[in-house]
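Structure data follow from target-v2.cif (mmCIF, C-alpha atoms (C1' of nucleotides)):
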```
data_structure
loop_
_atom_site.label_atom_id
_atom_site.label_comp_id
_atom_site.auth_asym_id
_atom_site.auth_seq_id
_atom_site.Cartn_x
_atom_site.Cartn_y
_atom_site.Cartn_z
CA MET Y 1 20.35 -11.13 46.23
CA GLU Y 2 21.45 -11.27 42.66
CA VAL Y 3 21.55 -7.51 42.65
CA VAL Y 4 23.80 -7.47 45.68
CA GLU Y 5 26.14 -9.94 44.07
CA ARG Y 6 26.32 -7.98 40.85
CA LYS Y 7 27.00 -4.83 42.78
CA GLN Y 8 29.78 -6.46 44.67
CA ARG Y 9 31.29 -7.75 41.49
CA THR Y 10 31.33 -4.33 39.86
CA ARG Y 11 32.55 -2.86 43.10
CA GLU Y 12 35.54 -5.16 43.05
CA GLN Y 13 36.09 -4.39 39.41
CA THR Y 14 36.19 -0.69 40.19
CA ARG Y 15 38.60 -1.34 43.01
CA ALA Y 16 40.85 -3.36 40.76
CA GLY Y 17 40.55 -0.65 38.12
CA ILE Y 18 41.84 1.94 40.57
CA LEU Y 19 44.87 -0.17 41.40
CA GLN Y 20 45.57 -0.92 37.76
CA THR Y 21 45.17 2.71 36.72
CA ALA Y 22 47.60 3.82 39.41
CA LYS Y 23 50.16 1.35 38.08
CA ASP Y 24 49.51 2.39 34.48
CA ILE Y 25 50.12 6.05 35.22
CA ALA Y 26 53.20 5.19 37.27
CA ARG Y 27 54.63 3.14 34.43
CA ARG Y 28 54.01 5.84 31.84
CA GLU Y 29 54.83 8.97 33.84
CA GLY Y 30 56.48 7.84 37.07
CA TRP Y 31 55.06 7.63 40.57
CA GLN Y 32 55.43 11.35 41.19
CA ALA Y 33 52.73 11.85 38.53
CA VAL Y 34 50.19 9.55 40.17
CA SER Y 35 47.41 11.56 41.79
CA ILE Y 36 43.98 10.62 43.09
CA ARG Y 37 42.31 13.02 40.67
CA LYS Y 38 44.14 11.53 37.69
CA ILE Y 39 43.19 8.01 38.70
CA ALA Y 40 39.55 9.05 39.15
CA ASP Y 41 39.54 10.77 35.75
CA ALA Y 42 40.89 7.66 34.08
CA ILE Y 43 38.09 5.50 35.43
CA ASP Y 44 35.46 8.19 34.74
CA TYR Y 45 34.68 9.05 38.32
CA SER Y 46 35.16 12.09 40.47
CA ALA Y 47 38.03 12.07 42.93
CA PRO Y 48 36.15 11.33 46.19
CA VAL Y 49 34.90 7.92 45.03
CA VAL Y 50 38.46 6.63 45.35
CA TYR Y 51 38.04 7.13 49.10
CA ASP Y 52 35.13 4.68 49.07
CA TYR Y 53 37.72 2.04 48.21
CA PHE Y 54 40.88 3.23 49.94
CA ASP Y 55 41.16 5.27 53.12
CA SER Y 56 44.05 7.26 51.72
CA LYS Y 57 46.57 7.39 48.93
CA ASP Y 58 49.02 5.76 51.28
CA VAL Y 59 46.94 2.62 51.86
CA LEU Y 60 46.39 2.44 48.11
CA LEU Y 61 50.16 2.37 47.60
CA ASP Y 62 50.55 -0.08 50.46
CA GLU Y 63 48.05 -2.38 48.78
CA ILE Y 64 50.03 -2.28 45.54
CA ARG Y 65 53.19 -3.00 47.47
CA ASN Y 66 51.60 -6.00 49.15
CA ASP Y 67 50.27 -7.19 45.81
CA GLY Y 68 53.86 -7.12 44.60
CA PHE Y 69 55.21 -9.18 47.47
CA ARG Y 70 52.25 -11.54 47.20
CA PHE Y 71 52.96 -12.03 43.51
CA LEU Y 72 56.58 -12.86 44.30
CA ARG Y 73 55.54 -15.23 47.05
CA HIS Y 74 53.29 -17.17 44.71
CA GLU Y 75 56.07 -17.37 42.14
CA TYR Y 76 58.46 -18.63 44.79
CA GLU Y 77 55.98 -21.25 45.96
CA ARG Y 78 55.53 -22.37 42.38
CA LEU Y 79 59.29 -22.78 41.99
CA VAL Y 80 59.57 -24.64 45.28
CA LYS Y 81 57.35 -27.35 43.83
CA LEU Y 82 59.26 -27.31 40.56
CA TYR Y 83 62.86 -27.67 41.72
CA ARG Y 84 64.10 -30.21 44.24
CA ASP Y 85 67.73 -29.08 44.24
CA PRO Y 86 67.91 -26.11 46.62
CA GLU Y 87 70.85 -24.60 44.75
CA LYS Y 88 68.94 -24.63 41.49
CA LEU Y 89 65.84 -23.42 43.31
CA LEU Y 90 67.52 -20.40 44.84
CA TYR Y 91 69.06 -19.52 41.51
CA GLU Y 92 65.70 -19.70 39.75
CA ILE Y 93 64.18 -17.55 42.47
CA SER Y 94 66.91 -15.01 41.84
CA LEU Y 95 66.01 -14.97 38.16
CA ILE Y 96 62.33 -14.45 38.95
CA GLN Y 97 63.31 -11.51 41.08
CA TRP Y 98 65.11 -9.93 38.13
CA GLN Y 99 62.28 -10.68 35.75
CA PHE Y 100 59.76 -9.14 38.09
CA ALA Y 101 61.79 -5.96 38.53
CA VAL Y 102 62.23 -5.56 34.78
CA GLN Y 103 58.69 -6.44 33.74
CA GLN Y 104 56.90 -4.57 36.50
CA PRO Y 105 59.27 -1.76 37.43
CA GLU Y 106 56.50 0.43 38.87
CA MET Y 107 55.72 -2.37 41.32
CA TYR Y 108 59.32 -2.82 42.32
CA GLN Y 109 59.58 0.93 42.84
CA VAL Y 110 56.65 1.19 45.22
CA MET Y 111 57.81 -1.91 47.07
CA TYR Y 112 61.11 -0.24 47.93
CA ASN Y 113 60.10 3.43 47.71
CA LEU Y 114 62.24 4.14 44.70
CA ASN Y 115 62.13 6.96 42.17
CA GLY Y 116 59.42 9.11 43.64
CA ALA Y 117 57.29 6.28 44.92
CA ASN Y 118 56.64 7.19 48.53
CA CYS Y 119 54.52 4.92 50.63
CA LEU Y 120 54.85 5.90 54.27
CA ALA Y 121 53.48 2.59 55.56
CA PRO Y 122 56.53 0.78 56.94
CA ILE Y 123 57.76 -1.86 54.51
CA GLU Y 124 59.05 -4.18 57.19
CA GLU Y 125 55.57 -4.48 58.73
CA SER Y 126 53.98 -5.72 55.54
CA GLY Y 127 52.51 -9.13 56.22
CA GLU Y 128 53.39 -10.35 52.75
CA ILE Y 129 57.05 -9.44 53.07
CA LYS Y 130 57.26 -11.52 56.22
CA LEU Y 131 55.86 -14.52 54.40
CA VAL Y 132 58.40 -14.04 51.63
CA ASN Y 133 61.14 -13.83 54.24
CA GLU Y 134 59.98 -17.07 55.82
CA ILE Y 135 59.93 -18.92 52.54
CA LEU Y 136 63.41 -17.84 51.61
CA CYS Y 137 64.85 -18.54 55.03
CA ARG Y 138 63.33 -22.03 54.88
CA ILE Y 139 64.84 -22.65 51.46
CA ILE Y 140 68.26 -21.52 52.59
CA PHE Y 141 67.90 -23.70 55.68
CA THR Y 142 67.19 -26.83 53.65
CA PHE Y 143 70.28 -25.84 51.73
CA ILE Y 144 72.62 -25.43 54.65
CA PRO Y 145 71.08 -26.23 58.03
CA LYS Y 146 72.71 -23.77 60.37
CA SER Y 147 71.49 -21.54 63.19
CA ALA Y 148 68.58 -19.20 62.57
CA GLU Y 149 71.07 -16.38 62.98
CA SER Y 150 73.28 -17.64 60.18
CA ILE Y 151 70.31 -18.23 57.92
CA ARG Y 152 69.05 -14.70 58.44
CA ARG Y 153 72.46 -13.38 57.60
CA LEU Y 154 72.77 -15.39 54.42
CA TYR Y 155 69.28 -14.29 53.41
CA PHE Y 156 70.27 -10.69 54.07
CA GLU Y 157 73.30 -11.06 51.85
CA TRP Y 158 71.34 -12.75 49.08
CA TRP Y 159 68.68 -10.08 49.19
CA ALA Y 160 71.20 -7.22 49.23
CA THR Y 161 73.12 -8.68 46.30
CA SER Y 162 70.01 -9.08 44.21
CA HIS Y 163 68.51 -5.74 45.18
CA GLY Y 164 71.76 -3.85 44.66
CA LEU Y 165 72.29 -5.24 41.18
CA ILE Y 166 68.68 -4.61 40.21
CA THR Y 167 68.54 -1.00 41.38
CA LEU Y 168 71.93 -0.12 39.96
CA SER Y 169 71.05 -1.75 36.65
CA ALA Y 170 67.95 0.43 36.49
CA LEU Y 171 70.01 3.48 37.39
CA LEU Y 172 72.61 2.89 34.68
CA ARG Y 173 70.32 1.45 32.07
CA HIS Y 174 71.16 4.24 29.64
CA GLN Y 175 74.88 3.56 29.85
CA GLN Y 176 74.84 -0.19 30.25
CA PRO Y 177 72.14 -2.05 28.32
CA LEU Y 178 69.80 -4.13 30.44
CA GLU Y 179 70.92 -7.31 28.68
CA ALA Y 180 74.50 -6.75 29.82
CA SER Y 181 73.32 -6.09 33.36
CA GLU Y 182 71.19 -9.20 33.29
CA GLN Y 183 74.19 -11.30 32.31
CA ILE Y 184 76.16 -9.93 35.25
CA TYR Y 185 73.15 -10.50 37.49
CA ARG Y 186 72.88 -14.14 36.45
CA GLU Y 187 76.55 -14.83 36.92
CA THR Y 188 76.72 -13.04 40.24
CA MET Y 189 73.68 -14.80 41.64
CA ARG Y 190 74.90 -18.14 40.38
CA ARG Y 191 78.24 -17.52 42.05
CA PHE Y 192 76.42 -16.54 45.23
CA VAL Y 193 74.29 -19.68 45.50
CA ARG Y 194 77.30 -21.80 44.56
CA GLY Y 195 79.29 -20.19 47.34
CA LEU Y 196 76.66 -21.05 49.91
CA LYS Y 197 77.41 -24.70 50.32
CA MET S 1 83.01 47.88 46.09
CA GLU S 2 83.00 46.75 49.67
CA VAL S 3 79.25 46.83 49.59
CA VAL S 4 79.19 44.60 46.57
CA GLU S 5 81.51 42.14 48.28
CA ARG S 6 79.44 42.05 51.40
CA LYS S 7 76.33 41.53 49.38
CA GLN S 8 77.90 38.71 47.50
CA ARG S 9 79.10 37.12 50.68
CA THR S 10 75.68 37.20 52.31
CA ARG S 11 74.19 36.05 49.05
CA GLU S 12 76.30 32.94 49.19
CA GLN S 13 75.47 32.48 52.84
CA THR S 14 71.77 32.62 52.03
CA ARG S 15 72.30 30.14 49.24
CA ALA S 16 74.14 27.78 51.56
CA GLY S 17 71.41 28.31 54.16
CA ILE S 18 68.77 27.18 51.69
CA LEU S 19 70.68 23.99 50.91
CA GLN S 20 71.34 23.28 54.58
CA THR S 21 67.73 23.94 55.57
CA ALA S 22 66.48 21.56 52.90
CA LYS S 23 68.76 18.86 54.27
CA ASP S 24 67.72 19.61 57.85
CA ILE S 25 64.03 19.25 57.07
CA ALA S 26 64.71 16.09 55.06
CA ARG S 27 66.63 14.55 57.95
CA ARG S 28 63.94 15.38 60.51
CA GLU S 29 60.80 14.77 58.48
CA GLY S 30 61.84 13.00 55.28
CA TRP S 31 62.19 14.37 51.76
CA GLN S 32 58.46 14.25 51.11
CA ALA S 33 58.10 17.01 53.74
CA VAL S 34 60.61 19.35 52.09
CA SER S 35 58.80 22.25 50.40
CA ILE S 36 59.99 25.58 49.06
CA ARG S 37 57.69 27.44 51.43
CA LYS S 38 59.00 25.56 54.46
CA ILE S 39 62.59 26.25 53.49
CA ALA S 40 61.81 29.94 53.01
CA ASP S 41 60.06 30.11 56.38
CA ALA S 42 63.04 28.56 58.12
CA ILE S 43 65.43 31.20 56.77
CA ASP S 44 62.90 34.01 57.39
CA TYR S 45 62.14 34.79 53.80
CA SER S 46 59.11 34.51 51.60
CA ALA S 47 58.95 31.61 49.16
CA PRO S 48 59.85 33.39 45.90
CA VAL S 49 63.34 34.41 47.09
CA VAL S 50 64.38 30.77 46.82
CA TYR S 51 63.96 31.19 43.07
CA ASP S 52 66.59 33.93 43.08
CA TYR S 53 69.05 31.19 44.00
CA PHE S 54 67.65 28.09 42.30
CA ASP S 55 65.63 27.93 39.11
CA SER S 56 63.42 25.20 40.50
CA LYS S 57 63.08 22.73 43.32
CA ASP S 58 64.57 20.16 41.02
CA VAL S 59 67.85 22.00 40.44
CA LEU S 60 68.03 22.58 44.20
CA LEU S 61 67.84 18.83 44.76
CA ASP S 62 70.28 18.25 41.93
CA GLU S 63 72.72 20.61 43.60
CA ILE S 64 72.47 18.68 46.87
CA ARG S 65 73.00 15.45 44.98
CA ASN S 66 76.11 16.81 43.31
CA ASP S 67 77.36 18.10 46.64
CA GLY S 68 77.05 14.54 47.88
CA PHE S 69 79.01 13.03 45.06
CA ARG S 70 81.58 15.83 45.32
CA PHE S 71 81.99 15.12 49.02
CA LEU S 72 82.57 11.45 48.28
CA ARG S 73 85.05 12.32 45.54
CA HIS S 74 87.10 14.45 47.89
CA GLU S 75 87.08 11.71 50.47
CA TYR S 76 88.21 9.19 47.86
CA GLU S 77 91.00 11.48 46.68
CA ARG S 78 92.10 11.90 50.27
CA LEU S 79 92.26 8.13 50.71
CA VAL S 80 94.12 7.67 47.44
CA LYS S 81 96.95 9.73 48.89
CA LEU S 82 96.76 7.86 52.17
CA TYR S 83 96.89 4.24 51.08
CA ARG S 84 99.36 2.79 48.60
CA ASP S 85 98.03 -0.75 48.62
CA PRO S 86 95.05 -0.75 46.22
CA GLU S 87 93.33 -3.56 48.11
CA LYS S 88 93.46 -1.62 51.34
CA LEU S 89 92.47 1.53 49.47
CA LEU S 90 89.37 0.03 47.94
CA TYR S 91 88.35 -1.40 51.28
CA GLU S 92 88.74 1.95 53.00
CA ILE S 93 86.72 3.59 50.24
CA SER S 94 83.99 1.04 50.87
CA LEU S 95 83.99 1.98 54.54
CA ILE S 96 83.73 5.68 53.71
CA GLN S 97 80.74 4.88 51.55
CA TRP S 98 79.02 3.23 54.50
CA GLN S 99 79.94 6.02 56.88
CA PHE S 100 78.59 8.61 54.49
CA ALA S 101 75.27 6.78 54.02
CA VAL S 102 74.83 6.42 57.78
CA GLN S 103 75.92 9.90 58.80
CA GLN S 104 74.20 11.78 56.00
CA PRO S 105 71.24 9.60 55.06
CA GLU S 106 69.26 12.48 53.56
CA MET S 107 72.14 13.05 51.14
CA TYR S 108 72.36 9.42 50.19
CA GLN S 109 68.59 9.41 49.63
CA VAL S 110 68.56 12.32 47.22
CA MET S 111 71.59 10.94 45.40
CA TYR S 112 69.70 7.76 44.56
CA ASN S 113 66.09 9.00 44.73
CA LEU S 114 65.23 6.94 47.77
CA ASN S 115 62.39 7.27 50.27
CA GLY S 116 60.44 10.12 48.76
CA ALA S 117 63.42 12.03 47.46
CA ASN S 118 62.59 12.66 43.86
CA CYS S 119 65.03 14.63 41.75
CA LEU S 120 64.06 14.32 38.10
CA ALA S 121 67.46 15.44 36.83
CA PRO S 122 69.08 12.26 35.50
CA ILE S 123 71.60 10.90 37.98
CA GLU S 124 73.85 9.43 35.34
CA GLU S 125 74.40 12.86 33.76
CA SER S 126 75.72 14.40 36.94
CA GLY S 127 79.24 15.65 36.29
CA GLU S 128 80.36 14.72 39.77
CA ILE S 129 79.21 11.14 39.48
CA LYS S 130 81.29 10.75 36.36
CA LEU S 131 84.36 11.97 38.20
CA VAL S 132 83.69 9.50 40.99
CA ASN S 133 83.31 6.76 38.40
CA GLU S 134 86.65 7.67 36.84
CA ILE S 135 88.46 7.64 40.14
CA LEU S 136 87.14 4.25 41.10
CA CYS S 137 87.78 2.73 37.69
CA ARG S 138 91.34 4.00 37.86
CA ILE S 139 91.84 2.50 41.30
CA ILE S 140 90.51 -0.85 40.20
CA PHE S 141 92.72 -0.67 37.14
CA THR S 142 95.88 -0.14 39.18
CA PHE S 143 94.65 -3.12 41.14
CA ILE S 144 94.13 -5.49 38.25
CA PRO S 145 95.04 -4.02 34.87
CA LYS S 146 92.48 -5.53 32.52
CA SER S 147 90.40 -4.18 29.66
CA ALA S 148 88.24 -1.12 30.22
CA GLU S 149 85.26 -3.42 29.81
CA SER S 150 86.35 -5.67 32.65
CA ILE S 151 87.12 -2.73 34.88
CA ARG S 152 83.71 -1.23 34.29
CA ARG S 153 82.14 -4.54 35.17
CA LEU S 154 84.09 -4.95 38.38
CA TYR S 155 83.24 -1.40 39.32
CA PHE S 156 79.58 -2.15 38.65
CA GLU S 157 79.73 -5.18 40.91
CA TRP S 158 81.52 -3.30 43.66
CA TRP S 159 79.03 -0.46 43.50
CA ALA S 160 76.02 -2.78 43.46
CA THR S 161 77.31 -4.77 46.41
CA SER S 162 77.90 -1.67 48.48
CA HIS S 163 74.67 0.04 47.45
CA GLY S 164 72.56 -3.06 47.99
CA LEU S 165 73.88 -3.66 51.49
CA ILE S 166 73.49 -0.01 52.42
CA THR S 167 69.90 0.37 51.21
CA LEU S 168 68.79 -2.94 52.65
CA SER S 169 70.44 -2.13 55.97
CA ALA S 170 68.47 1.10 56.07
CA LEU S 171 65.30 -0.76 55.16
CA LEU S 172 65.70 -3.37 57.89
CA ARG S 173 67.26 -1.15 60.52
CA HIS S 174 64.38 -1.78 62.91
CA GLN S 175 64.82 -5.54 62.74
CA GLN S 176 68.56 -5.75 62.40
CA PRO S 177 70.60 -3.17 64.30
CA LEU S 178 72.86 -1.00 62.20
CA GLU S 179 75.93 -2.32 63.98
CA ALA S 180 75.13 -5.86 62.86
CA SER S 181 74.57 -4.66 59.31
CA GLU S 182 77.83 -2.74 59.41
CA GLN S 183 79.70 -5.87 60.43
CA ILE S 184 78.24 -7.77 57.50
CA TYR S 185 79.04 -4.84 55.23
CA ARG S 186 82.68 -4.79 56.32
CA GLU S 187 83.12 -8.51 55.89
CA THR S 188 81.36 -8.59 52.54
CA MET S 189 83.33 -5.68 51.14
CA ARG S 190 86.58 -7.13 52.44
CA ARG S 191 85.75 -10.43 50.81
CA PHE S 192 84.91 -8.58 47.61
CA VAL S 193 88.20 -6.69 47.34
CA ARG S 194 90.10 -9.82 48.34
CA GLY S 195 88.39 -11.70 45.57
CA LEU S 196 89.46 -9.17 42.97
CA LYS S 197 93.09 -10.17 42.62
"C1'" DC T 1 64.24 66.16 45.60
"C1'" DA T 2 63.07 62.92 41.74
"C1'" DG T 3 64.03 58.77 39.53
"C1'" DC T 4 65.88 54.13 39.50
"C1'" DC T 5 67.38 49.72 40.76
"C1'" DA T 6 67.67 45.85 43.96
"C1'" DT T 7 65.20 43.32 47.24
"C1'" DA T 8 61.52 41.37 48.98
"C1'" DT T 9 56.65 40.88 49.43
"C1'" DT T 10 51.76 39.73 48.38
"C1'" DA T 11 48.54 37.69 45.13
"C1'" DA T 12 47.51 34.54 41.99
"C1'" DC T 13 47.34 30.03 38.99
"C1'" DG T 14 46.64 25.37 38.70
"C1'" DC T 15 47.72 21.37 40.91
"C1'" DC T 16 47.60 18.14 45.16
"C1'" DG T 17 45.16 14.99 49.18
"C1'" DT T 18 41.19 15.06 51.66
"C1'" DT T 19 36.56 16.13 53.69
"C1'" DA T 20 31.94 18.16 53.93
"C1'" DA T 21 27.83 19.41 51.90
"C1'" DC T 22 24.70 18.45 48.57
"C1'" DT T 23 21.83 16.09 44.71
"C1'" DA T 24 19.48 12.67 42.47
"C1'" DA T 25 18.06 8.26 41.85
"C1'" DA T 26 16.72 3.68 43.76
"C1'" DG T 27 14.66 0.97 47.07
"C1'" DT T 28 11.54 0.35 51.09
"C1'" DT T 29 7.72 1.14 53.97
"C1'" DT T 30 3.14 2.50 54.90
"C1'" DA I 1 0.82 5.79 45.11
"C1'" DA I 2 3.14 8.76 48.56
"C1'" DA I 3 6.61 9.44 51.95
"C1'" DC I 4 10.77 8.01 53.80
"C1'" DT I 5 15.47 6.18 53.75
"C1'" DT I 6 19.50 4.55 51.70
"C1'" DT I 7 22.89 4.59 48.06
"C1'" DA I 8 25.94 6.50 44.62
"C1'" DG I 9 27.75 10.10 43.00
"C1'" DT I 10 28.60 14.98 42.51
"C1'" DT I 11 30.39 19.84 43.47
"C1'" DA I 12 32.65 22.92 46.67
"C1'" DA I 13 35.86 23.80 49.84
"C1'" DC I 14 40.34 23.70 52.92
"C1'" DG I 15 45.05 24.06 53.34
"C1'" DG I 16 49.27 23.13 51.09
"C1'" DC I 17 52.23 22.56 46.97
"C1'" DG I 18 55.63 24.61 42.90
"C1'" DT I 19 55.91 28.59 40.39
"C1'" DT I 20 55.19 33.27 38.31
"C1'" DA I 21 53.51 38.04 37.95
"C1'" DA I 22 52.46 42.19 39.91
"C1'" DT I 23 53.50 45.14 43.57
"C1'" DA I 24 55.69 47.58 47.32
"C1'" DT I 25 59.84 49.39 49.88
"C1'" DG I 26 64.13 51.21 50.74
"C1'" DG I 27 68.80 52.84 49.36
"C1'" DC I 28 71.72 54.84 45.55
"C1'" DT I 29 72.53 58.26 41.91
"C1'" DG I 30 71.45 62.26 39.14
#
```
Give the structure from the file, written as structure tokens.
Amino acid sequence: MEVVERKQRTREQTRAGILQTAKDIARREGWQAVSIRKIADAIDYSAPVVYDYFDSKDVLLDEIRNDGFRFLRHEYERLVKLYRDPEKLLYEISLIQWQFAVQQPEMYQVMYNLNGANCLAPIEESGEIKLVNEILCRIIFTFIPKSAESIRRLYFEWWATSHGLITLSALLRHQQPLEASEQIYRETMRRFVRGLK
Amino acid sequence: MEVVERKQRTREQTRAGILQTAKDIARREGWQAVSIRKIADAIDYSAPVVYDYFDSKDVLLDEIRNDGFRFLRHEYERLVKLYRDPEKLLYEISLIQWQFAVQQPEMYQVMYNLNGANCLAPIEESGEIKLVNEILCRIIFTFIPKSAESIRRLYFEWWATSHGLITLSALLRHQQPLEASEQIYRETMRRFVRGLK
DNA sequence: CAGCCATATTAACGCCGTTAACTAAAGTTT
DNA sequence: AAACTTTAGTTAACGGCGTTAATATGGCTG
């Protein structure tokens, strides 16, 4: 029994190592440089063992994507408990979104298929993304209780504003320093949540 | 001499055929499915001839990207002559942006490295994009003559708003019909240009 | 006709994702 | 202890990729 447990523990460590290695390579060299063989090399295995843990490269990427949305969800839930004022809450969530994109760009890229990241699994069918959607819609609803339709629309606008600023900031980061972009992001998102009520 | 001319003409036709074929495959199967060999097959040549026209796959993609920005620039210049009122002008430019992204999605994808399109040539160093930037900054300036700094910031915000709505609309197109997204886009962009003055 | 250049091809290199075949060690059964 | 099975891991292979080198073919010029 103990043996089985130990095996499972190392098995999960290996699995986690694969995911982490993929992200490491992506961060250093970009997602186009991430290959099964390179991952296997990095964890001192031959390539086929990766398929003992993931059915394909695509499900591996999908897992990382879901990890990203799950991480955001947990952050959001943490903030929900922290801030009572929905305006403040939505603003803080916006800031977390920025922080996440800046601190874990390779995650943000695979979540939205940016910059060579190419996960064919449909984003919109990710279970985690749906949970995130629900949370945010609920927050906006407590803010301004309108029809589900209106809420969805406001969420769409909030998401697009945040996502647009984040991706464009990354695109122009060599012309416009990230600090300047962050300032604009903060002001824009503050203006947005202010304009909601 | 005539022979030379004919050769040059067919040479340019072949070149254009390569670019068009790449876009065709990308539209049908996505950019991840675009390969040099497939392009060559489609125009009844062997793979290496592509390298007589483009030094690498990357410069081929870069060319398509620049074509995209050039197309937009021409459209913008056309609108500049058409509309005197800068508010109306900027709004119409926003609409062209949407139209372009919807009608030529494979172009929009390679321009911003979306959905498997992966052109390593830095976007911000594209000559065409700089021209587009200039045009738009000039338009905004005639709208509200402020410091170059302020103009650049407003342009950044306009661009981010448009780009965010466009990419998110594409992402959610199976949950939210494109017509609904377009309506939101129009209203948001109208609000944006209204809010400028 | 011989030689030359342009044009296009085939062959090859090293990479990719993925699967099949194989090996060696560990555990289990008799 | 010997024989069998399971596990964990390997190497080898397939077809496809971007790219380059070597090779063939056909038309032009001397």
Test item: residues at most 8 Å from stretch 138-153 of chain Y, all atoms listed in the file, excluding those fewer than 6 positions along its chain, as an MDAnalysis selection string:
chainID Y and resid 86:87 90 196:197
Decode the PyMOL selection byres ((chain Y) within 12 of (chain I)) for the given file into explicit residues and return them as a list in words.
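Output of the PyMOL selection byres ((chain Y) within 12 of (chain I)): Lys7, Arg11, Asp44, Tyr45, Ser46, Ala47, Pro48, Val49, Val50 and Asp52 of chain Y.
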Just C-alpha atoms for this one: save the residues we selected as a PDB file, in the coordinates of the input.
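Below you can see out-v8.pdb, which holds the result:
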```
ATOM      1  CA  LYS Y   7      27.000  -4.830  42.780  1.00  0.00           C
ATOM      2  CA  ARG Y  11      32.550  -2.860  43.100  1.00  0.00           C
ATOM      3  CA  ASP Y  44      35.460   8.190  34.740  1.00  0.00           C
ATOM      4  CA  TYR Y  45      34.680   9.050  38.320  1.00  0.00           C
ATOM      5  CA  SER Y  46      35.160  12.090  40.470  1.00  0.00           C
ATOM      6  CA  ALA Y  47      38.030  12.070  42.930  1.00  0.00           C
ATOM      7  CA  PRO Y  48      36.150  11.330  46.190  1.00  0.00           C
ATOM      8  CA  VAL Y  49      34.900   7.920  45.030  1.00  0.00           C
ATOM      9  CA  VAL Y  50      38.460   6.630  45.350  1.00  0.00           C
ATOM     10  CA  ASP Y  52      35.130   4.680  49.070  1.00  0.00           C
TER      11      ASP Y  52
END
```
Mind pulling up the distance from atom CA of Y:Trp98 to atom CA of Y:Leu82?
18.5 Å
What's the separation between atom CA of Y:Val193 and atom CA of Y:Ala101, in Å to one decimal place?
19.8 Å
Quick check: residues of chain Y within 9 Å of chain S, all atoms listed in the file, returned as a PyMOL selection string.
chain Y and resi 32+112-120+123-124+153+156-157+159-169+171-172+174-175+184+188
Distance cut-off 12 Å, counting all atoms listed in the file - which residues of chain T neighbour chain S? Return them as a VMD selection string.
chain T and resid 6 to 10
Selection from above, C-alpha atoms (C1' of nucleotides), as a tab-separated table (two decimals), in the coordinates of the input, can you write it?
```tsv
chain	number	residue	atom	x	y	z
T	6	DA	C1'	67.67	45.85	43.96
T	7	DT	C1'	65.20	43.32	47.24
T	8	DA	C1'	61.52	41.37	48.98
T	9	DT	C1'	56.65	40.88	49.43
T	10	DT	C1'	51.76	39.73	48.38
```
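Interatomic distance, atom CA of Y:Leu178 against atom CA of S:Phe100: 28.6 Å.
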Written as an NGL selection string, which residues does the PyMOL selection byres ((chain S and resi 18-25) around 9) give for the file shown?
:S and (13-17 or 26-31 or 33-36 or 38-40 or 42-43 or 50 or 53 or 60-61 or 63-64 or 106-107)
Box for stretch 1-17 of chain T: with edges along x, y and z, all listed atoms inside and 5 Å added on each side, what are the centre and edge lengths in Å to one decimal, as AutoDock Vina command-line options?
```
--center_x 56.4 --center_y 40.6 --center_z 44.1 --size_x 32.5 --size_y 61.2 --size_z 20.7
```
If the PyMOL selection byres ((chain S and resi 75) around 12) were run on this exact file, what residues would it hold? Put them as an mmCIF file with C-alpha atoms, in the coordinates of the input.
```
data_model
loop_
_atom_site.group_PDB
_atom_site.id
_atom_site.type_symbol
_atom_site.label_atom_id
_atom_site.label_comp_id
_atom_site.auth_asym_id
_atom_site.auth_seq_id
_atom_site.Cartn_x
_atom_site.Cartn_y
_atom_site.Cartn_z
ATOM 1 C CA GLY S 68 77.050 14.540 47.880
ATOM 2 C CA PHE S 69 79.010 13.030 45.060
ATOM 3 C CA ARG S 70 81.580 15.830 45.320
ATOM 4 C CA PHE S 71 81.990 15.120 49.020
ATOM 5 C CA LEU S 72 82.570 11.450 48.280
ATOM 6 C CA ARG S 73 85.050 12.320 45.540
ATOM 7 C CA HIS S 74 87.100 14.450 47.890
ATOM 8 C CA TYR S 76 88.210 9.190 47.860
ATOM 9 C CA GLU S 77 91.000 11.480 46.680
ATOM 10 C CA ARG S 78 92.100 11.900 50.270
ATOM 11 C CA LEU S 79 92.260 8.130 50.710
ATOM 12 C CA VAL S 80 94.120 7.670 47.440
ATOM 13 C CA LYS S 81 96.950 9.730 48.890
ATOM 14 C CA LEU S 82 96.760 7.860 52.170
ATOM 15 C CA LEU S 89 92.470 1.530 49.470
ATOM 16 C CA GLU S 92 88.740 1.950 53.000
ATOM 17 C CA ILE S 93 86.720 3.590 50.240
ATOM 18 C CA SER S 94 83.990 1.040 50.870
ATOM 19 C CA LEU S 95 83.990 1.980 54.540
ATOM 20 C CA ILE S 96 83.730 5.680 53.710
ATOM 21 C CA GLN S 97 80.740 4.880 51.550
ATOM 22 C CA GLN S 99 79.940 6.020 56.880
ATOM 23 C CA PHE S 100 78.590 8.610 54.490
ATOM 24 C CA VAL S 132 83.690 9.500 40.990
ATOM 25 C CA ILE S 135 88.460 7.640 40.140
ATOM 26 C CA LEU S 136 87.140 4.250 41.100
#
```
